[in-house]
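*Asks:* Please see the structure below; I have some questions.
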Amino acid sequence: MTRQSYATRYLRRPPAAFVVRVTSRLPAVRVRTFELRLIALVLAACWVVAAGVVLIAYRPGGPIDIAVGVAALLPALIALAGVLWPPLARGDRAFAAMVSLAAGSLLVLVPSIADVTGQLGARGVQTLLPSGEAAYPWILALLGTSLFSGFGIARRRLGEAAMRRRRLVRGLALATVLAAASGLVFAAVALGNEFALRDRVASSSRFGPTDVTREPPVCDGPMGIGPAARLGLHLEGSIDGRSLGTVDLAGERSVADVRWLAYVATTLDLGLQGAASIGKDAWLRDPSAGWHRATPADVADATLDLNAFRVALSPEARAAAQSTGVGLIEGARGRQCRIQVDGPTFRSAFPEVAWLVGAADLARWRGQLDFWVFVDGQIGRISGSVNGDAADIREGALQATLRVDMTATDRDAAIRISPPAP
């Protein structure tokens, strides 16, 4: 038999082992393709939900409100490309990398959807182009989705036999184009809609009335807090330029009844803390035991804005308050005022600082508090800081700083405080 006829016969009848190997891989390839398409479908569904929230809830009154929601659908179309052309990769590691890429995108996308839903549902900031700190989860989710689909499109265009490096470069290029194009289109539409609203008065605001013809009270005049409020508190500390941690708190108050939860991540404590007070009943929550009964005295200083107003913003404390001007906060007209405070007053007004500095003596600390009073005569925001000697916090330390930002919104809402589940 000649060499040519042998080669021809060999190519026409491949070895049995080769046939078995290829045949055995076919079911695994089908399973992986199905899994990747399912993940891409979940990604597309999440982007559709995000766009649906914008379409339904984003109504600041601009001329192209609906167009903003339509532009938000572009990432969903990118994810659908991954359903049509999944990024099926050779080898177990490459397949795991694609799954991890999609899973990572979902991990940052789902909480972002919850955040924007709460923001729009609570009549919060109507801009959809937040600061870089708030926007980066969306950017990461968009980049992850674009990479996932970009690798799939590159595989489809170049074929399975193309070199891995070539497919990788093509996928990265496609992902960059897809992410940049969709992001820029959405930003352009959203900015155009917001520029058209620059001279319009907001129809409502969670911070208070939006009537620009009314003047807020003067800083040393009569003012108070609302009968109810949705409360937010952010505390952070630093010592010699190094972070002591943060406290992020959210809750509600109705007259004197209050309930809140705080995520504490500091050098002294870690976990979910909480407090609730309804009439003569009181509860506390700690990370190890959950909710448990407490005495009213245990939660006497846990009323947040009530406590801060009583301790730090009494008429005597505001007698020398300085006005820094009148402006708009999320469409509500308010006056910004400033007072000087010492460390003990700051600790009494915001006792949650104990999670940052423990029982440290703040007697020689000094700082200032800014507060905003709106045209309804109610305080809706308090922000400020104090700093001083840090030797009582950590041996050898020189200086520490504590910062606070508290908001009290929806002060005219009907809020009912329910007892925590055991």
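To be explicit about the labels: the chains of the structure tokens are called A, B, and onward in the order shown, and within each one the residues are counted from 1, while ligands get numbers from 1 in the order they are shown.
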Where in stretch 207-306 of chain A does DSSP assign strand (DSSP E or B), given as an NGL selection string?

*Replies:* :A and (224 or 228-239 or 242-254 or 257-266 or 270-278 or 281-286 or 290-294)

*Asks:* Would you write out those residues with C-alpha atoms, as a PDB file, in the first residue's frame?

*Replies:*
```
ATOM      1  CA  GLY A 224     -38.227  71.503  65.507  1.00  0.00           C
ATOM      2  CA  ALA A 228     -42.194  61.095  62.026  1.00  0.00           C
ATOM      3  CA  ALA A 229     -39.129  60.453  59.898  1.00  0.00           C
ATOM      4  CA  ARG A 230     -37.180  57.901  57.924  1.00  0.00           C
ATOM      5  CA  LEU A 231     -33.730  58.085  59.441  1.00  0.00           C
ATOM      6  CA  GLY A 232     -30.245  57.498  58.136  1.00  0.00           C
ATOM      7  CA  LEU A 233     -26.955  57.878  59.988  1.00  0.00           C
ATOM      8  CA  HIS A 234     -23.384  57.472  58.822  1.00  0.00           C
ATOM      9  CA  LEU A 235     -20.503  57.654  61.287  1.00  0.00           C
ATOM     10  CA  GLU A 236     -16.834  57.248  60.536  1.00  0.00           C
ATOM     11  CA  GLY A 237     -13.610  57.807  62.419  1.00  0.00           C
ATOM     12  CA  SER A 238      -9.907  58.062  61.763  1.00  0.00           C
ATOM     13  CA  ILE A 239      -6.839  58.109  63.949  1.00  0.00           C
ATOM     14  CA  ARG A 242      -5.947  55.507  59.549  1.00  0.00           C
ATOM     15  CA  SER A 243      -9.585  54.470  59.595  1.00  0.00           C
ATOM     16  CA  LEU A 244     -11.315  53.417  62.790  1.00  0.00           C
ATOM     17  CA  GLY A 245     -14.229  52.004  60.779  1.00  0.00           C
ATOM     18  CA  THR A 246     -17.765  53.017  59.891  1.00  0.00           C
ATOM     19  CA  VAL A 247     -21.305  52.762  61.228  1.00  0.00           C
ATOM     20  CA  ASP A 248     -24.213  52.785  58.759  1.00  0.00           C
ATOM     21  CA  LEU A 249     -27.665  53.016  60.311  1.00  0.00           C
ATOM     22  CA  ALA A 250     -31.191  53.082  58.866  1.00  0.00           C
ATOM     23  CA  GLY A 251     -34.482  53.233  60.710  1.00  0.00           C
ATOM     24  CA  GLU A 252     -37.815  54.931  61.262  1.00  0.00           C
ATOM     25  CA  ARG A 253     -39.415  57.058  63.945  1.00  0.00           C
ATOM     26  CA  SER A 254     -43.034  57.868  64.741  1.00  0.00           C
ATOM     27  CA  ASP A 257     -41.419  55.288  68.905  1.00  0.00           C
ATOM     28  CA  VAL A 258     -38.316  54.279  66.990  1.00  0.00           C
ATOM     29  CA  ARG A 259     -36.682  51.253  65.432  1.00  0.00           C
ATOM     30  CA  TRP A 260     -33.374  50.998  63.625  1.00  0.00           C
ATOM     31  CA  LEU A 261     -30.610  48.658  62.519  1.00  0.00           C
ATOM     32  CA  ALA A 262     -26.946  49.569  62.208  1.00  0.00           C
ATOM     33  CA  TYR A 263     -24.158  47.732  60.438  1.00  0.00           C
ATOM     34  CA  VAL A 264     -21.048  48.290  62.538  1.00  0.00           C
ATOM     35  CA  ALA A 265     -17.609  47.644  61.077  1.00  0.00           C
ATOM     36  CA  THR A 266     -15.025  49.193  63.387  1.00  0.00           C
ATOM     37  CA  LEU A 270     -18.389  44.092  63.971  1.00  0.00           C
ATOM     38  CA  GLY A 271     -21.922  43.037  63.146  1.00  0.00           C
ATOM     39  CA  LEU A 272     -25.542  44.114  63.083  1.00  0.00           C
ATOM     40  CA  GLN A 273     -26.716  46.200  66.031  1.00  0.00           C
ATOM     41  CA  GLY A 274     -30.209  47.553  66.628  1.00  0.00           C
ATOM     42  CA  ALA A 275     -32.642  49.247  68.973  1.00  0.00           C
ATOM     43  CA  ALA A 276     -36.429  49.604  69.139  1.00  0.00           C
ATOM     44  CA  SER A 277     -38.795  51.426  71.454  1.00  0.00           C
ATOM     45  CA  ILE A 278     -42.597  51.274  71.259  1.00  0.00           C
ATOM     46  CA  ASP A 281     -41.581  48.314  75.488  1.00  0.00           C
ATOM     47  CA  ALA A 282     -37.939  48.280  74.414  1.00  0.00           C
ATOM     48  CA  TRP A 283     -35.622  45.935  72.545  1.00  0.00           C
ATOM     49  CA  LEU A 284     -31.933  45.792  71.710  1.00  0.00           C
ATOM     50  CA  ARG A 285     -30.086  43.745  69.117  1.00  0.00           C
ATOM     51  CA  ASP A 286     -26.507  42.536  69.173  1.00  0.00           C
ATOM     52  CA  GLY A 290     -30.197  38.901  68.000  1.00  0.00           C
ATOM     53  CA  TRP A 291     -33.172  40.863  69.329  1.00  0.00           C
ATOM     54  CA  HIS A 292     -33.908  40.682  73.045  1.00  0.00           C
ATOM     55  CA  ARG A 293     -35.981  42.604  75.555  1.00  0.00           C
ATOM     56  CA  ALA A 294     -34.523  45.669  77.257  1.00  0.00           C
TER      57      ALA A 294
END
```

*Asks:* Can you tell me, as an MDAnalysis selection string, what residues are no more than 8 Å from A:Leu172 when counting only C-alpha atoms, ignoring any on the same chain fewer than 6 positions away?

*Replies:* chainID A and resid 147 150:151

*Asks:* Grab the residues selected above and save them as a PDB file, in the first residue's frame with N, CA and C atoms.

*Replies:*
```pdb
ATOM      1  N   LEU A 147     -17.930  41.830  28.847  1.00  0.00           N
ATOM      2  CA  LEU A 147     -16.874  40.835  28.642  1.00  0.00           C
ATOM      3  C   LEU A 147     -17.466  39.457  28.365  1.00  0.00           C
ATOM      4  N   GLY A 150     -18.907  39.652  24.953  1.00  0.00           N
ATOM      5  CA  GLY A 150     -17.864  39.911  23.965  1.00  0.00           C
ATOM      6  C   GLY A 150     -17.072  38.672  23.619  1.00  0.00           C
ATOM      7  N   PHE A 151     -16.741  37.848  24.618  1.00  0.00           N
ATOM      8  CA  PHE A 151     -16.025  36.601  24.342  1.00  0.00           C
ATOM      9  C   PHE A 151     -16.885  35.647  23.519  1.00  0.00           C
TER      10      PHE A 151
END
```

*Asks:* Would you list, as a PyMOL selection string, the residues of stretch 176-264 of chain A that end up in alpha helix (DSSP H) under DSSP run on this structure's backbone?

*Replies:* chain A and resi 176-195

*Asks:* Would you put the residues from that selection into a file with C-alpha atoms, as a PDB file, in the first residue's frame?

*Replies:*
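Generated output (result32.pdb):
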```pdb
ATOM      1  CA  THR A 176     -14.717  47.712  25.509  1.00  0.00           C
ATOM      2  CA  VAL A 177     -16.761  48.975  22.574  1.00  0.00           C
ATOM      3  CA  LEU A 178     -20.040  47.558  23.925  1.00  0.00           C
ATOM      4  CA  ALA A 179     -19.532  48.912  27.447  1.00  0.00           C
ATOM      5  CA  ALA A 180     -18.386  52.345  26.276  1.00  0.00           C
ATOM      6  CA  ALA A 181     -21.152  52.711  23.694  1.00  0.00           C
ATOM      7  CA  SER A 182     -24.002  51.689  26.002  1.00  0.00           C
ATOM      8  CA  GLY A 183     -22.636  53.739  28.917  1.00  0.00           C
ATOM      9  CA  LEU A 184     -22.118  56.864  26.831  1.00  0.00           C
ATOM     10  CA  VAL A 185     -25.559  56.624  25.220  1.00  0.00           C
ATOM     11  CA  PHE A 186     -27.256  56.294  28.597  1.00  0.00           C
ATOM     12  CA  ALA A 187     -25.184  59.122  30.105  1.00  0.00           C
ATOM     13  CA  ALA A 188     -25.957  61.420  27.163  1.00  0.00           C
ATOM     14  CA  VAL A 189     -29.714  60.780  27.371  1.00  0.00           C
ATOM     15  CA  ALA A 190     -29.820  61.109  31.161  1.00  0.00           C
ATOM     16  CA  LEU A 191     -27.746  64.309  31.130  1.00  0.00           C
ATOM     17  CA  GLY A 192     -29.905  65.812  28.387  1.00  0.00           C
ATOM     18  CA  ASN A 193     -33.015  65.091  30.435  1.00  0.00           C
ATOM     19  CA  GLU A 194     -31.498  66.591  33.600  1.00  0.00           C
ATOM     20  CA  PHE A 195     -30.245  69.721  31.845  1.00  0.00           C
TER      21      PHE A 195
END
```

*Asks:* Which is closer to A:Pro87 than all the others in A:Arg164, A:Ala141, A:Ile56, A:Ser105, using only C-alpha atoms?

*Replies:*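 Ranked by minimum distance to A:Pro87, first place goes to A:Arg164.
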
*Asks:* Find the residue from A:Ile379, A:Leu109, A:Leu356, A:Leu306 that sits nearest to A:Cys337; use only C-alpha atoms when measuring.

*Replies:* A:Ile379

*Asks:* Calculated over only C-alpha atoms, which of the candidates A:Ala196, A:Ala414, A:Ala297, A:Ile153 has the smallest distance to A:Asp65?

*Replies:*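 That would be A:Ala196, the residue with the smallest distance to A:Asp65.
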
*Asks:* One number please: atom CA of A:Glu395 to atom CA of A:Trp365, in Å, one decimal.

*Replies:*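 So the two atoms, atom CA of A:Glu395 and atom CA of A:Trp365, lie 17.1 Å apart.
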
*Asks:* When you draw a straight line from atom CA of A:Ala40 to atom CA of A:Leu74, how long is it in Å?

*Replies:*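 If I compute the distance from atom CA of A:Ala40 to atom CA of A:Leu74, I get 14.4 Å.
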
*Asks:* List the spatial neighbours of A:Val49 as an NGL selection string - criterion: any atom at most 8 Å away, only C-alpha atoms, same-chain residues fewer than 4 positions off excluded.

*Replies:* :A and (45 or 53 or 113)

*Asks:* Rank A:Arg366, A:Arg318, A:Arg411, A:Arg166 by their smallest atom-to-atom distance to A:Asp305, using only C-alpha atoms, and report the top residue only.

*Replies:*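 For A:Asp305, the nearest of the given residues is A:Arg411.
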